[in-house]
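Student: If it helps, the file is called model-v8.cif and holds mmCIF, C-alpha atoms:
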data_entry
loop_
_atom_site.label_atom_id
_atom_site.label_comp_id
_atom_site.auth_asym_id
_atom_site.auth_seq_id
_atom_site.Cartn_x
_atom_site.Cartn_y
_atom_site.Cartn_z
CA MET A 1089 9.65 -18.58 -27.56
CA SER A 1090 10.67 -15.03 -26.68
CA LYS A 1091 10.60 -13.06 -23.47
CA SER A 1092 10.73 -9.28 -23.07
CA ASP A 1093 11.97 -7.51 -19.98
CA LYS A 1094 9.74 -4.88 -18.43
CA LYS A 1095 10.80 -1.51 -19.74
CA ARG A 1096 12.22 0.72 -17.03
CA VAL A 1097 10.70 4.15 -16.50
CA ASN A 1098 12.29 6.72 -18.84
CA SER A 1099 14.37 3.96 -20.48
CA ILE A 1100 14.76 3.87 -24.25
CA ILE A 1101 15.99 0.27 -24.26
CA THR A 1102 13.88 -2.88 -24.46
CA VAL A 1103 15.55 -6.31 -24.34
CA THR A 1104 13.90 -9.40 -25.81
CA ARG A 1105 15.26 -12.93 -25.27
CA TRP A 1106 14.68 -15.83 -27.65
CA ASP A 1107 16.61 -18.97 -28.57
CA ASN A 1108 19.43 -17.98 -26.20
CA LYS A 1109 19.87 -14.67 -28.05
CA LEU A 1110 19.25 -11.08 -26.98
CA LYS A 1111 17.61 -8.38 -29.07
CA PHE A 1112 18.32 -4.80 -27.92
CA ALA A 1113 15.78 -2.27 -29.25
CA PHE A 1114 16.44 1.47 -28.84
CA THR A 1115 13.31 3.60 -29.18
CA GLY A 1116 13.46 5.82 -32.24
CA VAL A 1117 16.91 4.54 -33.27
CA GLY A 1118 16.95 0.83 -34.15
CA ASP A 1119 17.82 -2.59 -32.80
CA PHE A 1120 20.49 -5.27 -32.95
CA THR A 1121 20.82 -8.92 -31.93
CA PHE A 1122 23.47 -10.31 -29.58
CA ASP A 1123 24.33 -14.00 -30.00
CA PRO A 1124 26.24 -15.47 -27.01
CA ASP A 1125 27.19 -18.50 -29.10
CA LYS A 1126 29.53 -16.27 -31.12
CA VAL A 1127 31.41 -15.11 -28.01
CA SER A 1128 34.78 -16.63 -27.13
CA ALA A 1129 34.99 -19.21 -24.36
CA GLU A 1130 37.04 -16.79 -22.26
CA ASN A 1131 34.46 -14.01 -22.46
CA ARG A 1132 31.60 -16.45 -21.92
CA ALA A 1133 33.30 -17.52 -18.68
CA ARG A 1134 33.78 -13.89 -17.64
CA ALA A 1135 30.13 -13.16 -18.43
CA MET A 1136 29.01 -16.12 -16.32
CA VAL A 1137 30.99 -14.95 -13.28
CA HIS A 1138 29.84 -11.36 -13.83
CA GLY A 1139 26.22 -12.51 -13.99
CA PHE A 1140 26.48 -14.50 -10.76
CA GLU A 1141 28.21 -11.58 -9.04
CA GLN A 1142 25.40 -9.24 -10.07
CA ARG A 1143 22.75 -11.77 -8.99
CA VAL A 1144 24.19 -12.04 -5.48
CA ARG A 1145 24.68 -8.26 -5.25
CA ASP A 1146 21.06 -7.70 -6.29
CA ALA A 1147 19.88 -10.03 -3.52
CA ALA A 1148 21.66 -7.84 -0.97
CA ALA A 1149 20.00 -4.65 -2.28
CA LEU A 1150 17.26 -4.63 0.36
CA SER A 1151 14.77 -1.77 0.56
CA VAL A 1152 14.48 0.71 3.41
CA ASP A 1153 12.38 -0.49 6.35
CA ARG A 1154 8.98 1.21 6.06
CA ASP A 1155 8.48 1.48 9.81
CA THR A 1156 11.86 2.73 10.98
CA GLY A 1157 13.01 4.49 7.82
CA LYS A 1158 16.39 2.83 8.31
CA SER A 1159 18.39 1.08 5.63
CA ALA A 1160 18.88 -2.66 5.91
CA THR A 1161 21.70 -3.66 8.25
CA PRO A 1162 24.90 -5.29 6.98
CA THR A 1163 23.77 -8.49 8.70
CA ALA A 1164 20.45 -8.52 6.85
CA LYS A 1165 22.20 -7.84 3.54
CA PHE A 1166 24.71 -10.63 4.21
CA GLU A 1167 21.96 -13.14 5.00
CA ALA A 1168 19.97 -12.22 1.86
CA ALA A 1169 23.04 -12.51 -0.36
CA LYS A 1170 24.08 -15.82 1.20
CA ARG A 1171 20.60 -17.28 0.73
CA ILE A 1172 20.67 -16.72 -3.02
CA ALA A 1173 24.29 -17.90 -3.28
CA ASP A 1174 23.48 -21.13 -1.41
CA HIS A 1175 20.40 -21.58 -3.60
CA LEU A 1176 22.38 -21.27 -6.84
CA MET A 1177 25.17 -23.55 -5.59
CA SER A 1178 22.65 -26.20 -4.53
CA GLY A 1179 22.19 -27.21 -8.17
CA ALA A 1180 18.66 -25.78 -8.32
CA THR A 1181 17.35 -25.04 -11.81
CA GLU A 1182 15.22 -22.09 -10.67
CA TRP A 1183 16.88 -18.66 -10.95
CA ASN A 1184 14.84 -17.20 -8.08
CA LEU A 1185 14.26 -18.45 -4.57
CA LYS A 1186 10.90 -20.08 -3.97
CA PRO A 1187 8.63 -18.20 -1.53
CA ALA A 1188 8.85 -19.59 1.96
CA THR A 1189 6.06 -22.07 2.68
CA GLY A 1190 6.54 -22.12 6.43
CA PRO A 1191 5.12 -19.67 8.96
CA LYS A 1192 5.83 -16.03 8.27
CA GLY A 1193 8.71 -14.53 10.26
CA PRO A 1194 8.37 -11.58 12.62
CA ASP A 1195 7.61 -8.11 11.30
CA ALA A 1196 11.12 -6.75 11.84
CA GLY A 1197 10.12 -3.09 11.69
CA THR A 1198 7.39 -3.46 14.29
CA VAL A 1199 9.50 -5.57 16.65
CA ILE A 1200 12.43 -3.14 16.45
CA LEU A 1201 10.15 -0.14 17.01
CA ALA A 1202 8.64 -1.84 20.07
CA MET A 1203 12.12 -2.64 21.39
CA THR A 1204 13.23 0.98 21.02
CA ARG A 1205 10.26 2.07 23.11
CA VAL A 1206 10.57 -0.60 25.79
CA LEU A 1207 14.37 -0.55 26.15
CA LYS A 1208 14.75 3.21 25.50
CA LYS A 1209 17.45 2.49 22.91
CA THR A 1210 18.19 3.75 19.41
CA VAL A 1211 17.70 1.55 16.35
CA ASP A 1212 21.47 1.09 16.06
CA GLU A 1213 21.65 -0.02 19.68
CA ILE A 1214 18.79 -2.45 19.08
CA GLU A 1215 20.75 -3.99 16.18
CA VAL A 1216 23.66 -4.62 18.56
CA ILE A 1217 21.26 -6.29 20.99
CA LEU A 1218 19.82 -8.48 18.22
CA THR A 1219 23.31 -9.54 17.14
CA ALA A 1220 24.13 -10.45 20.75
CA THR A 1221 20.88 -12.42 20.97
CA GLN A 1222 21.80 -14.36 17.82
CA THR A 1223 25.15 -15.32 19.32
CA LYS A 1224 23.82 -16.21 22.76
CA ARG A 1225 20.77 -18.17 21.57
CA GLY A 1226 22.41 -19.66 18.47
CA VAL A 1227 19.70 -18.38 16.13
CA ASP A 1228 19.57 -16.28 12.95
CA ARG A 1229 18.21 -12.74 12.78
CA ASN A 1230 14.58 -13.87 12.47
CA GLY A 1231 15.11 -16.15 15.45
CA ALA A 1232 16.45 -13.26 17.51
CA LEU A 1233 13.51 -11.08 16.50
CA LYS A 1234 11.17 -13.90 17.49
CA VAL A 1235 12.78 -14.14 20.93
CA TRP A 1236 12.15 -10.45 21.57
CA GLU A 1237 8.73 -10.49 19.91
CA GLU A 1238 7.56 -13.06 22.43
CA SER A 1239 8.96 -11.28 25.49
CA LYS A 1240 6.23 -9.87 27.72
CA GLN A 1241 6.96 -6.13 27.53
CA VAL A 1242 7.81 -6.08 23.82
CA ALA A 1243 4.74 -8.16 22.96
CA ALA A 1244 2.54 -5.68 24.83
CA GLU A 1245 4.18 -2.74 23.03
CA ILE A 1246 3.70 -4.44 19.65
CA LEU A 1247 -0.02 -4.76 20.40
CA LYS A 1248 -0.10 -1.06 21.31
CA ILE A 1249 1.66 -0.11 18.05
CA LYS A 1250 -0.80 -2.13 16.00
CA THR A 1251 -3.70 -0.47 17.82
CA GLU A 1252 -2.23 2.96 17.08
CA ARG A 1253 -1.89 2.12 13.39
CA LEU A 1254 -5.44 0.82 13.23
CA ALA A 1255 -6.73 4.03 14.81
CA LYS A 1256 -4.91 6.07 12.16
CA ASP A 1257 -6.49 4.16 9.30
CA THR A 1258 -9.31 6.04 7.58
CA ASP A 1259 -12.73 4.53 8.21
CA SER A 1260 -14.25 3.54 4.85
CA ASP A 1261 -17.79 4.56 5.84
CA ALA A 1262 -16.59 7.98 6.99
CA LEU A 1263 -14.64 8.40 3.77
CA TYR A 1264 -17.70 7.49 1.71
CA GLU A 1265 -19.86 10.01 3.59
CA GLU A 1266 -17.19 12.67 3.10
CA MET A 1267 -17.08 12.06 -0.65
CA MET A 1268 -20.89 12.07 -0.96
CA LYS A 1269 -21.13 15.32 1.04
CA ALA A 1270 -18.53 16.93 -1.22
CA ALA A 1271 -20.48 15.81 -4.30
CA GLU A 1272 -23.74 17.23 -2.89
CA ASP A 1273 -22.07 20.55 -2.06
CA GLU A 1274 -20.63 20.75 -5.57
CA GLU A 1275 -24.02 20.02 -7.12
CA SER A 1276 -25.63 22.69 -4.89
CA ASP A 1277 -23.03 25.25 -6.01
CA LEU A 1278 -23.73 24.44 -9.64
CA ASP A 1279 -27.49 24.90 -9.09
CA ASP A 1280 -26.87 28.29 -7.49
CA GLU A 1281 -24.73 29.37 -10.42
CA ASP A 1282 -27.36 28.25 -12.94
CA GLY A 1283 -30.09 30.09 -11.02
CA GLY A 1284 -28.08 33.29 -10.99
CA GLU A 1285 -27.59 33.24 -14.73
CA GLY A 1286 -31.32 32.69 -15.22
CA ASP A 1287 -32.18 35.77 -13.12
CA GLU A 1288 -29.85 37.91 -15.19
CA GLU A 1289 -31.50 36.72 -18.42
CA GLU A 1290 -34.99 37.56 -17.08
CA GLU A 1291 -33.80 41.00 -16.06
CA ASP A 1292 -32.38 41.58 -19.54
CA ASP A 1293 -35.69 40.53 -21.11
CA GLU A 1294 -37.60 43.02 -18.93
CA ASN A 1295 -35.25 45.83 -19.96
CA ASP A 1296 -35.77 44.95 -23.63
CA GLU A 1297 -39.56 45.12 -23.21
CA GLU A 1298 -39.35 48.54 -21.52
CA GLU A 1299 -37.18 49.89 -24.32
CA SER A 1300 -39.62 48.59 -26.94
CA ALA A 1301 -42.60 50.20 -25.18
CA SER A 1302 -40.90 53.56 -25.03
#
Translate the structure of the given file into structure tokens.
Tutor:
Amino acid sequence: MSKSDKKRVNSIITVTRWDNKLKFAFTGVGDFTFDPDKVSAENRARAMVHGFEQRVRDAAALSVDRDTGKSATPTAKFEAAKRIADHLMSGATEWNLKPATGPKGPDAGTVILAMTRVLKKTVDEIEVILTATQTKRGVDRNGALKVWEESKQVAAEILKIKTERLAKDTDSDALYEEMMKAAEDEESDLDDEDGGEGDEEEEDDENDEEESAS
């Protein structure tokens, strides 16, 4: 059984795995097969450590928060990396973490935005406050966010933020009417153009008749 990686955009390389081997195909050039069983024990050990290092590093490569535009904090990166490291060291056979089955954690971006408004602090200052909350309450980052999410003023601000976002969303009925109106206007313009061409043809015909009569 073989498995192909998704080809990256603008990449000329496609990698296919089968029977513990790797086939590297280069578009327009050729391909070759890499057999790990032919590698020395020393290099196999190095490859294993390198692979685990990359796996943990990848876990820490968190995306930018869509609400604040800020990069993930060192604390968030640490927690993400540690989660995958603990998972791998637990003896689990799965390469990836299973999706959480419990209740969803707080929306970090929304909570932080609400905190900046309520406390009149910058995002960096809010991160310091969250770290202090973790230490004082003995909770992780999600726990600290939950504490603030449930505070009276922040909870009210979160509701306000959600209302603002909902108001900004385009109404589907209004969008449909807008598209239909545009289509009608376009059709009307085409009719006008067709009519104009017809008038010119009739005028030309009349001129031809006059010339023939003379």
Student: A:Ala1173, A:Ser1159, A:Glu1237, A:Asp1125: which is nearest Arg1145 of chain A, counting all atoms listed in the file?
Tutor: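 Nearest candidate to Arg1145 of chain A out of A:Ala1173, A:Ser1159, A:Glu1237, A:Asp1125: A:Ala1173.
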Student: For Arg1229 of chain A, which residue among A:Ile1249, A:Ile1172, A:Met1136, A:Val1216 is the nearest when counting only C-alpha atoms?
Tutor: A:Val1216
Student: Where does the PyMOL selection byres ((chain A and resi 1183-1187) around 12) land in this file, that is, which residues does it pick, as a list in words?
Tutor: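 Selection result, ordered by chain and number: Gly1139, Phe1140, Arg1143, Val1144, Asp1146, Ala1147, Ala1168, Ala1169, Lys1170, Arg1171, Ile1172, Ala1173, Asp1174, His1175, Leu1176, Met1177, Ser1178, Gly1179, Ala1180, Thr1181, Glu1182, Ala1188, Thr1189, Gly1190, Pro1191 and Lys1192 of chain A.
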Student: Atom CA of Arg1225 of chain A and atom CA of Thr1210 of chain A are how many Å apart?
Tutor: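 If I compute the distance from atom CA of Arg1225 of chain A to atom CA of Thr1210 of chain A, I get 22.2 Å.
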Student: Report, in Å to a single decimal, how far apart atom CA of Val1137 of chain A and atom CA of Phe1122 of chain A are.
Tutor: 18.5 Å
Student: What does the structure give for the distance between atom CA of Glu1130 of chain A and atom CA of Phe1114 of chain A, in Å to one decimal?
Tutor: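 Taking atom CA of Glu1130 of chain A as the start and atom CA of Phe1114 of chain A as the end point, the length is 28.3 Å.
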